[in-house]
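**Student:** Please see the structure below; I have some questions.
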Amino acid sequence: MKGLALLFIALLSFGSVTGQVSYTIPEEMTKGSLVGNIAHDLGLETKRLTSGKARIFTRDTDEYIELNRERGLLLVKQRIDREALCRQTTPCALHFQIILENPMEFYSVTVQVTDINDNAPTFEKSEMKFKISESAVIGSTFVLKRAVDLDVGINDLKSYELKPTDNFALKLQNNADGNTNVEMVLQKPLDREKEEQISIVLTAVDGGEPQMSGTMLIVITVLDANDNAPVFTQPTYKATVTENSPKGTVVATVSAKDADQGYYGKITYSITNTLDDVRKMFEVNDENGQVILIGNIDFEESRNYQINVLASDDGGLTGSCKIIVDVKDVNDNKPEINIMSKSTVISEDAQLNTVVTMINIEDLDSGENGEVKCFISENIPFTLKPSTNTFYSLVTDSDLDRERASEYNITVTCSDEGVPSLSSSVTLTLQISDVNDNAPVFERSSYEAYIVENNTPGLSIFTVRARDADWNQNARVSYILEDSSVNGVPVSSYVSVSADSGVIHAVRSFDYEQIKDFQFRVKAQDGGSPPLSSNVTVKVMIQDQNDNPPQVLYPVQTGGSLVAEMVPRSADVGYLVTKVVAVDVDSGQNAWLSYKLQKATDRALFEVGLQNGEIRTIRQVNDKDVVKQRLTVIVEDNGQPSRSATVIVNVAVADSFPEVLSEFTDFTHDKEYNDNLTFYLVLALAVVSFLFITCLVVIISVKIYRWRQSRILYHSSLPVIPYYPPRYSDTLGTGTGTLQHVYNYEVCRTNDSRKSDCKFGRAGSQNVLIMEPSSTGTMQRIQCEKSILDEPDSPLEVRLI
């Protein structure tokens, strides 16, 4: 028996959807009865009710209506008794809200409960007694108890009937307040002697269908004459009482007069209210007419009371009046905050005006005492906006940032306008969920790492670290080596990066002499979706190790030739004999070289410059000095530990080449051998036959070669070939460079070697003789004005460079 009365939807502001729909149902419907198709009437799909977790919110303790989400129906949850729910209030309605989430919406629903005729009129007492004097005049009225029908409207009390009507007639008088006074009027004189007791039945009938009624027996005892009924000083009294007044407070005083004297003039006061709560709240002093407060009066329960007071004399005559008591409100109720729906978690990328929580405010007081204003704590990205007079929406009003604040404790405070003001508050805890809006940030804008060469592959070089201000998976950083190349080689063949820790490992062993530094980029990427990343440049510096000994560039140590520096016997002190030139491919102090004279034929004749490697005489050369001088120079670097190289410098103290040649004939026999006797013995046994044949071939070849060389020397002068290392230079004795040393000689050559002459042409710093073990001459590049082949007997001028 569902009746759809009204449906309207109104969209309100502040990001929440509100609307209202009304239904009308009769009371006493069985549990599970249909109220209405709320999904259809609101224009919603049933899956929206399920996904939005639709539920009913009501401030009442009892819920009479339930929501079936799957079918979108409103059903009766429990039996509804309109009389228990609303009493005499009409219309009687249930008010509640339907709340949906994601997004948050709410709709107001009103279910009007109509009355059915399920209550018969009832009297407070089943019997009422009167004592009426037989002298009572015709027209005397006697107030009867009213019947009460809990139903309303057409089902309410409609009429009274009085039977029999021999002596009395029924009089109904409608008051301005809507109530009806029921009076019994004497229309025929009483005769105690004829009938001492009269019984009359008063019947109250309602207007329902089927019609229901209630009865009360009126018993009248006929007395002797009582001519005057009590009369109140005013028919209606008005009084005001403040709620929460203490018990015993005198609310009002009524007064009635009876013109009779003696026994018939004594008045007794009583309250005649029946089924309402008046007699629980008030009582009247039966002697002086003071109406006294006996209960706890509450403005929020009832704002006014009507007290019906009856004055009776001992003769049975009565008079009545009513007292209208207005209850004055006191600000004794705090605003009540009801959380209709709330979110405990909101994403940090939520848009402005996103509804977080909906609350309902109720203050049972009235006037200014019931006017409520709500506010929230300051300096938070939320605001409280009213949806209706009693509903508020907590919405976002600025951007959220979980990295700045991951949780908010929002205190909602509501205060009324009473004096003094009363307030209440509730604290909402809201978690801000993370969004991947922060890229990883490295601790530095760039990194420099150092590693010593000759490292072990897999060695940890350095660690890069990046921080991500996000949370959980969005803050989980992985490190990736970006593709690049170093000297055309992929950087992944040089280093690797641990994805979890950011530790950089060397993939290979580095050589400072091949690569001194290189750089690459590391990307830090978080685990968000989509992921965010940032890059940083890492420069790896290879540090040198003293892993290379010095290398002697000059004099060159040859296996078969002997390099000899010639010093004239006329050389003075400090004469530059030669310069040992060495380099070290290491760097820094590992390449700082120092020169020391380790051995010498005559240590008192020569010295070596510690820094520049120059070999100079430290005394005057004399005729007693031997021609053949052998110097052993050691070259050391400054590394830890230091490395060294040894060079042997042969010096010839002579004024002419023939003298040098005669002295250096046996020089080649000073060659040091480091033979492995066992190896040669085994080898000799294995190839004895081969060696025999080889020796014959070698002997024949040598004979032929010497014969040809002797023919050449016979037709030409002795070649003198000085040998210098490339880019060899001198810096005028400073020892800071390697400038070229130039010597000029004029060599005059004849067929008779004894008449040959070597003239020292220009001062120089060194003479170089290369002695071949198979010849007695010195080979040197010859620059001549004429070819020696063309003029074998002419003098030669040879310049040694």
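Ligands are numbered from 1 in the order shown, residues from 1 within each chain, and chains are lettered A, B, ... in the order they appear in the structure tokens.
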Taking the DSSP secondary structure from the backbone, can you list the residues of region 192-376 of chain A that are strand (DSSP E), as a ChimeraX atom specification?
**Tutor:** /A:197-206,213-223,231-232,236-242,250-253,256-257,267-271,282-284,290-293,304-313,318-328,336-342,345-347,355-362,372-376
**Student:** I'd like the contact shell of region 165-178 of chain A - 6 Å cut-off, only C-alpha atoms, skipping same-chain residues fewer than 6 positions apart - returned as a PyMOL selection string.
**Tutor:** chain A and resi 184-188
**Student:** Give me a file of those residues, with N, CA, C and O atoms, as a PDB file, in the first residue's frame.
**Tutor:**
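This is the output file result21.pdb:
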ATOM      1  N   MET A 184     -22.626  17.712  31.179  1.00  0.00           N
ATOM      2  CA  MET A 184     -23.959  17.105  31.400  1.00  0.00           C
ATOM      3  C   MET A 184     -24.865  18.192  31.981  1.00  0.00           C
ATOM      4  O   MET A 184     -24.538  18.790  33.018  1.00  0.00           O
ATOM      5  N   VAL A 185     -25.993  18.429  31.316  1.00  0.00           N
ATOM      6  CA  VAL A 185     -26.916  19.528  31.705  1.00  0.00           C
ATOM      7  C   VAL A 185     -28.209  18.929  32.271  1.00  0.00           C
ATOM      8  O   VAL A 185     -28.809  18.025  31.659  1.00  0.00           O
ATOM      9  N   LEU A 186     -28.573  19.428  33.443  1.00  0.00           N
ATOM     10  CA  LEU A 186     -29.819  18.964  34.095  1.00  0.00           C
ATOM     11  C   LEU A 186     -31.011  19.586  33.359  1.00  0.00           C
ATOM     12  O   LEU A 186     -31.110  20.806  33.222  1.00  0.00           O
ATOM     13  N   GLN A 187     -31.888  18.732  32.874  1.00  0.00           N
ATOM     14  CA  GLN A 187     -33.048  19.232  32.142  1.00  0.00           C
ATOM     15  C   GLN A 187     -34.388  18.827  32.779  1.00  0.00           C
ATOM     16  O   GLN A 187     -35.443  19.211  32.301  1.00  0.00           O
ATOM     17  N   LYS A 188     -34.266  18.129  33.895  1.00  0.00           N
ATOM     18  CA  LYS A 188     -35.492  17.736  34.612  1.00  0.00           C
ATOM     19  C   LYS A 188     -35.155  17.660  36.091  1.00  0.00           C
ATOM     20  O   LYS A 188     -34.132  17.082  36.455  1.00  0.00           O
TER      21      LYS A 188
END
**Student:** Find the residues near region 284-299 of chain A: any atom within 9 Å, counting only C-alpha atoms, skip ones fewer than 2 places away on the same chain, and give them as a PyMOL selection string.
**Tutor:** chain A and resi 241-256+267-271+279-282+301-304+309+311+327-330+364-366
**Student:** For N, CA and C atoms, I'd like the residues from the last selection saved as a short mmCIF file (atom, residue, chain, number, x, y, z; two decimals), in the first residue's frame.
**Tutor:**
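Wrote it out as out_10.cif, contents follow:
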data_model
loop_
_atom_site.label_atom_id
_atom_site.label_comp_id
_atom_site.auth_asym_id
_atom_site.auth_seq_id
_atom_site.Cartn_x
_atom_site.Cartn_y
_atom_site.Cartn_z
N VAL A 241 6.75 29.17 32.92
CA VAL A 241 7.70 28.49 33.78
C VAL A 241 8.98 28.23 32.98
N THR A 242 10.09 28.47 33.60
CA THR A 242 11.38 28.26 32.94
C THR A 242 11.76 26.78 33.04
N GLU A 243 12.21 26.26 31.90
CA GLU A 243 12.59 24.84 31.94
C GLU A 243 13.72 24.64 32.95
N ASN A 244 13.78 23.42 33.42
CA ASN A 244 14.75 23.04 34.45
C ASN A 244 14.47 23.70 35.79
N SER A 245 13.25 24.28 35.94
CA SER A 245 12.89 24.83 37.25
C SER A 245 12.83 23.69 38.27
N PRO A 246 13.20 23.96 39.51
CA PRO A 246 13.21 22.88 40.51
C PRO A 246 11.79 22.44 40.86
N LYS A 247 11.71 21.22 41.29
CA LYS A 247 10.42 20.70 41.73
C LYS A 247 9.94 21.51 42.95
N GLY A 248 8.60 21.69 43.04
CA GLY A 248 8.01 22.49 44.10
C GLY A 248 7.74 23.93 43.72
N THR A 249 8.19 24.32 42.49
CA THR A 249 7.95 25.67 42.03
C THR A 249 6.45 25.88 41.80
N VAL A 250 5.90 26.98 42.36
CA VAL A 250 4.48 27.31 42.16
C VAL A 250 4.35 27.96 40.80
N VAL A 251 3.60 27.29 39.95
CA VAL A 251 3.44 27.78 38.58
C VAL A 251 2.33 28.83 38.51
N ALA A 252 1.20 28.56 39.13
CA ALA A 252 0.06 29.48 39.10
C ALA A 252 -0.85 29.16 40.29
N THR A 253 -1.77 30.06 40.57
CA THR A 253 -2.77 29.86 41.63
C THR A 253 -4.14 30.19 41.06
N VAL A 254 -5.05 29.22 41.17
CA VAL A 254 -6.42 29.45 40.70
C VAL A 254 -7.33 29.65 41.91
N SER A 255 -8.39 30.31 41.63
CA SER A 255 -9.31 30.60 42.74
C SER A 255 -10.75 30.53 42.23
N ALA A 256 -11.61 29.84 43.00
CA ALA A 256 -13.04 29.72 42.66
C ALA A 256 -13.86 30.12 43.88
N ILE A 267 -14.83 24.32 48.84
CA ILE A 267 -14.39 23.99 47.46
C ILE A 267 -13.13 23.13 47.52
N THR A 268 -13.13 22.15 46.66
CA THR A 268 -11.95 21.27 46.50
C THR A 268 -11.49 21.35 45.04
N TYR A 269 -10.12 21.56 44.85
CA TYR A 269 -9.54 21.71 43.50
C TYR A 269 -8.91 20.38 43.08
N SER A 270 -9.02 20.10 41.81
CA SER A 270 -8.39 18.90 41.25
C SER A 270 -8.09 19.12 39.78
N ILE A 271 -7.11 18.36 39.26
CA ILE A 271 -6.74 18.42 37.85
C ILE A 271 -7.45 17.29 37.13
N ARG A 279 -0.57 15.55 34.66
CA ARG A 279 -0.60 15.18 36.08
C ARG A 279 0.71 14.57 36.56
N LYS A 280 1.63 14.24 35.57
CA LYS A 280 2.97 13.82 35.98
C LYS A 280 3.88 15.00 36.21
N MET A 281 3.49 16.16 35.65
CA MET A 281 4.35 17.33 35.78
C MET A 281 3.82 18.32 36.81
N PHE A 282 2.49 18.36 37.00
CA PHE A 282 1.90 19.36 37.89
C PHE A 282 0.92 18.68 38.86
N GLU A 301 10.95 18.88 25.18
CA GLU A 301 9.93 17.84 25.13
C GLU A 301 8.54 18.44 24.93
N SER A 302 8.27 19.52 25.60
CA SER A 302 6.96 20.17 25.44
C SER A 302 7.12 21.65 25.73
N ARG A 303 6.61 22.46 24.82
CA ARG A 303 6.79 23.89 24.94
C ARG A 303 5.64 24.58 25.69
N ASN A 304 4.54 23.87 25.87
CA ASN A 304 3.42 24.44 26.64
C ASN A 304 2.56 23.29 27.16
N VAL A 309 -8.49 22.42 35.44
CA VAL A 309 -8.69 22.39 36.90
C VAL A 309 -10.19 22.37 37.18
N ALA A 311 -13.15 22.64 40.16
CA ALA A 311 -13.49 23.08 41.53
C ALA A 311 -14.83 22.44 41.90
N VAL A 327 6.34 27.13 28.51
CA VAL A 327 7.67 26.77 29.02
C VAL A 327 8.69 27.69 28.35
N LYS A 328 9.49 28.35 29.16
CA LYS A 328 10.52 29.26 28.65
C LYS A 328 11.82 28.49 28.45
N ASP A 329 12.38 28.68 27.27
CA ASP A 329 13.58 27.92 26.91
C ASP A 329 14.80 28.46 27.64
N VAL A 330 15.66 27.56 28.04
CA VAL A 330 16.97 27.88 28.62
C VAL A 330 18.02 27.19 27.75
N LEU A 364 18.66 21.31 20.19
CA LEU A 364 17.25 21.19 20.58
C LEU A 364 16.68 22.47 21.14
N ASP A 365 17.51 23.43 21.47
CA ASP A 365 17.01 24.70 21.97
C ASP A 365 16.35 25.47 20.83
N SER A 366 15.71 26.59 21.20
CA SER A 366 15.00 27.39 20.20
C SER A 366 15.54 28.81 20.21
#
**Student:** Which is closer to Val345 (chain A) than all the others in A:Val148, A:Leu430, A:Leu422, A:Leu49, using only C-alpha atoms?
**Tutor:** A:Leu430
**Student:** Of the candidates A:Asp191, A:Asp437, A:Asp416, A:Asp149, which shows the shortest atom-to-atom distance to Asp206 (chain A), using only C-alpha atoms?
**Tutor:**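 Counting only C-alpha atoms, the residue closest to Asp206 (chain A) is A:Asp149.
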**Student:** Just the residues within 7 Å of region 324-326 of chain A, please, counting only C-alpha atoms, with nothing from its chain fewer than 6 positions along; format it as a list of chain:residue names.
**Tutor:**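 In the requested form, the answer reads A:Tyr237, A:Lys238, A:Ala239, A:Thr240, A:Val241, A:Arg303, A:Asn304, A:Tyr305, A:Gln306, A:Ile307.
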**Student:** Please dump the current selection as an mmCIF file, in the first residue's frame; keep N, CA and C atoms.
**Tutor:**
data_model
loop_
_atom_site.group_PDB
_atom_site.id
_atom_site.type_symbol
_atom_site.label_atom_id
_atom_site.label_comp_id
_atom_site.auth_asym_id
_atom_site.auth_seq_id
_atom_site.Cartn_x
_atom_site.Cartn_y
_atom_site.Cartn_z
ATOM 1 N N TYR A 237 -6.369 30.816 32.746
ATOM 2 C CA TYR A 237 -5.202 31.411 33.387
ATOM 3 C C TYR A 237 -3.979 31.163 32.497
ATOM 4 N N LYS A 238 -3.080 32.087 32.530
ATOM 5 C CA LYS A 238 -1.836 31.939 31.784
ATOM 6 C C LYS A 238 -0.656 32.064 32.745
ATOM 7 N N ALA A 239 0.337 31.195 32.507
ATOM 8 C CA ALA A 239 1.512 31.194 33.370
ATOM 9 C C ALA A 239 2.734 30.821 32.531
ATOM 10 N N THR A 240 3.886 31.196 33.026
ATOM 11 C CA THR A 240 5.158 30.883 32.360
ATOM 12 C C THR A 240 6.091 30.239 33.379
ATOM 13 N N VAL A 241 6.748 29.168 32.920
ATOM 14 C CA VAL A 241 7.704 28.487 33.780
ATOM 15 C C VAL A 241 8.980 28.228 32.979
ATOM 16 N N ARG A 303 6.606 22.458 24.819
ATOM 17 C CA ARG A 303 6.791 23.892 24.940
ATOM 18 C C ARG A 303 5.643 24.577 25.691
ATOM 19 N N ASN A 304 4.538 23.874 25.868
ATOM 20 C CA ASN A 304 3.420 24.440 26.642
ATOM 21 C C ASN A 304 2.561 23.293 27.163
ATOM 22 N N TYR A 305 1.833 23.597 28.175
ATOM 23 C CA TYR A 305 0.925 22.638 28.792
ATOM 24 C C TYR A 305 -0.423 23.321 29.015
ATOM 25 N N GLN A 306 -1.492 22.542 28.900
ATOM 26 C CA GLN A 306 -2.837 23.010 29.262
ATOM 27 C C GLN A 306 -3.335 22.166 30.433
ATOM 28 N N ILE A 307 -3.582 22.839 31.532
ATOM 29 C CA ILE A 307 -4.013 22.165 32.755
ATOM 30 C C ILE A 307 -5.497 22.468 32.970
#
**Student:** Here is a test: counting only C-alpha atoms, which residue of A:Tyr264, A:Tyr64, A:Phe692, A:Phe106 is nearest to Met358 (chain A)?
**Tutor:** A:Phe106
**Student:** Choose the residue, out of A:Ser108, A:Ala136, A:Trp592, A:Glu209, that has the smallest atom-to-atom separation from Asp156 (chain A); count only C-alpha atoms.
**Tutor:** A:Glu209
**Student:** Quick one, how far is CA of Lys322 (chain A) from CA of Lys257 (chain A)?
**Tutor:** 15.7 Å
**Student:** Just to confirm, what's the straight-line distance from CA of Val608 (chain A) to CA of Lys596 (chain A) in Å (one decimal)?
**Tutor:** 6.1 Å
**Student:** Wanna dump the region 309-357 of chain A-region 391-402 of chain A contacts at 9 Å for me, each residue with its shortest atom pair and the distance in Å to one decimal, counting only C-alpha atoms, ordered by chain and number, as a Markdown table?
**Tutor:**
| residue | atom | partner | partner_atom | distance |
| --- | --- | --- | --- | --- |
| A:Ser347 | CA | A:Leu400 | CA | 8.1 |
| A:Glu348 | CA | A:Leu400 | CA | 4.9 |
| A:Asp349 | CA | A:Leu400 | CA | 6.6 |
| A:Ala350 | CA | A:Leu400 | CA | 7.3 |
| A:Gln351 | CA | A:Asp399 | CA | 7.4 |
| A:Leu352 | CA | A:Thr396 | CA | 5.3 |
| A:Asn353 | CA | A:Thr396 | CA | 4.9 |
| A:Thr354 | CA | A:Val395 | CA | 5.2 |
| A:Val355 | CA | A:Val395 | CA | 4.4 |
| A:Val356 | CA | A:Val395 | CA | 5.5 |
| A:Thr357 | CA | A:Leu394 | CA | 5.1 |
**Student:** Which residues in region 54-89 of chain A does DSSP call alpha helix (DSSP H)? List them as a list of chain:residue names.
**Tutor:**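 Taking region 54-89 of chain A and keeping alpha helix (DSSP H) gives A:Arg82, A:Glu83, A:Ala84, A:Leu85, A:Cys86.
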**Student:** Emit the selected residues as an mmCIF file, in the first residue's frame, including all heavy atoms.
**Tutor:**
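Output below, filename part-v1.cif:
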data_model
loop_
_atom_site.group_PDB
_atom_site.id
_atom_site.type_symbol
_atom_site.label_atom_id
_atom_site.label_comp_id
_atom_site.auth_asym_id
_atom_site.auth_seq_id
_atom_site.Cartn_x
_atom_site.Cartn_y
_atom_site.Cartn_z
ATOM 1 N N ARG A 82 1.996 4.708 14.610
ATOM 2 C CA ARG A 82 1.955 6.160 14.478
ATOM 3 C C ARG A 82 1.712 6.830 15.823
ATOM 4 O O ARG A 82 2.266 7.899 16.118
ATOM 5 C CB ARG A 82 0.852 6.561 13.482
ATOM 6 C CG ARG A 82 0.923 8.030 13.028
ATOM 7 C CD ARG A 82 -0.430 8.551 12.620
ATOM 8 N NE ARG A 82 -1.327 8.575 13.776
ATOM 9 C CZ ARG A 82 -1.319 9.541 14.699
ATOM 10 N NH1 ARG A 82 -0.489 10.543 14.620
ATOM 11 N NH2 ARG A 82 -2.169 9.496 15.718
ATOM 12 N N GLU A 83 0.866 6.238 16.650
ATOM 13 C CA GLU A 83 0.540 6.856 17.940
ATOM 14 C C GLU A 83 1.762 6.866 18.864
ATOM 15 O O GLU A 83 1.982 7.852 19.601
ATOM 16 C CB GLU A 83 -0.612 6.103 18.608
ATOM 17 C CG GLU A 83 -1.960 6.295 17.916
ATOM 18 C CD GLU A 83 -2.076 5.532 16.622
ATOM 19 O OE1 GLU A 83 -1.501 4.428 16.529
ATOM 20 O OE2 GLU A 83 -2.702 6.062 15.667
ATOM 21 N N ALA A 84 2.563 5.824 18.826
ATOM 22 C CA ALA A 84 3.768 5.814 19.647
ATOM 23 C C ALA A 84 4.836 6.731 19.077
ATOM 24 O O ALA A 84 5.645 7.291 19.808
ATOM 25 C CB ALA A 84 4.317 4.392 19.754
ATOM 26 N N LEU A 85 4.815 6.896 17.754
ATOM 27 C CA LEU A 85 5.836 7.697 17.095
ATOM 28 C C LEU A 85 5.554 9.191 17.190
ATOM 29 O O LEU A 85 6.442 9.982 17.513
ATOM 30 C CB LEU A 85 5.941 7.273 15.626
ATOM 31 C CG LEU A 85 7.004 7.970 14.775
ATOM 32 C CD1 LEU A 85 8.398 7.620 15.290
ATOM 33 C CD2 LEU A 85 6.867 7.543 13.316
ATOM 34 N N CYS A 86 4.329 9.581 16.974
ATOM 35 C CA CYS A 86 4.016 11.007 16.867
ATOM 36 C C CYS A 86 2.944 11.490 17.836
ATOM 37 O O CYS A 86 2.666 12.697 17.901
ATOM 38 C CB CYS A 86 3.575 11.336 15.438
ATOM 39 S SG CYS A 86 4.799 10.961 14.171
#
**Student:** List as a list of chain:residue names the protein and nucleic acid residues near region 587-589 of chain A, meaning an atom at most 9 Å away when only C-alpha atoms are counted, but skip any in the same chain fewer than 3 places from it.
**Tutor:**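 Result of the neighbour search: A:Tyr512, A:Glu513, A:Asp544, A:Gln545, A:Asn546, A:Asp584, A:Trp592, A:Leu593, A:Asp637, A:Asn638, A:Gly639.
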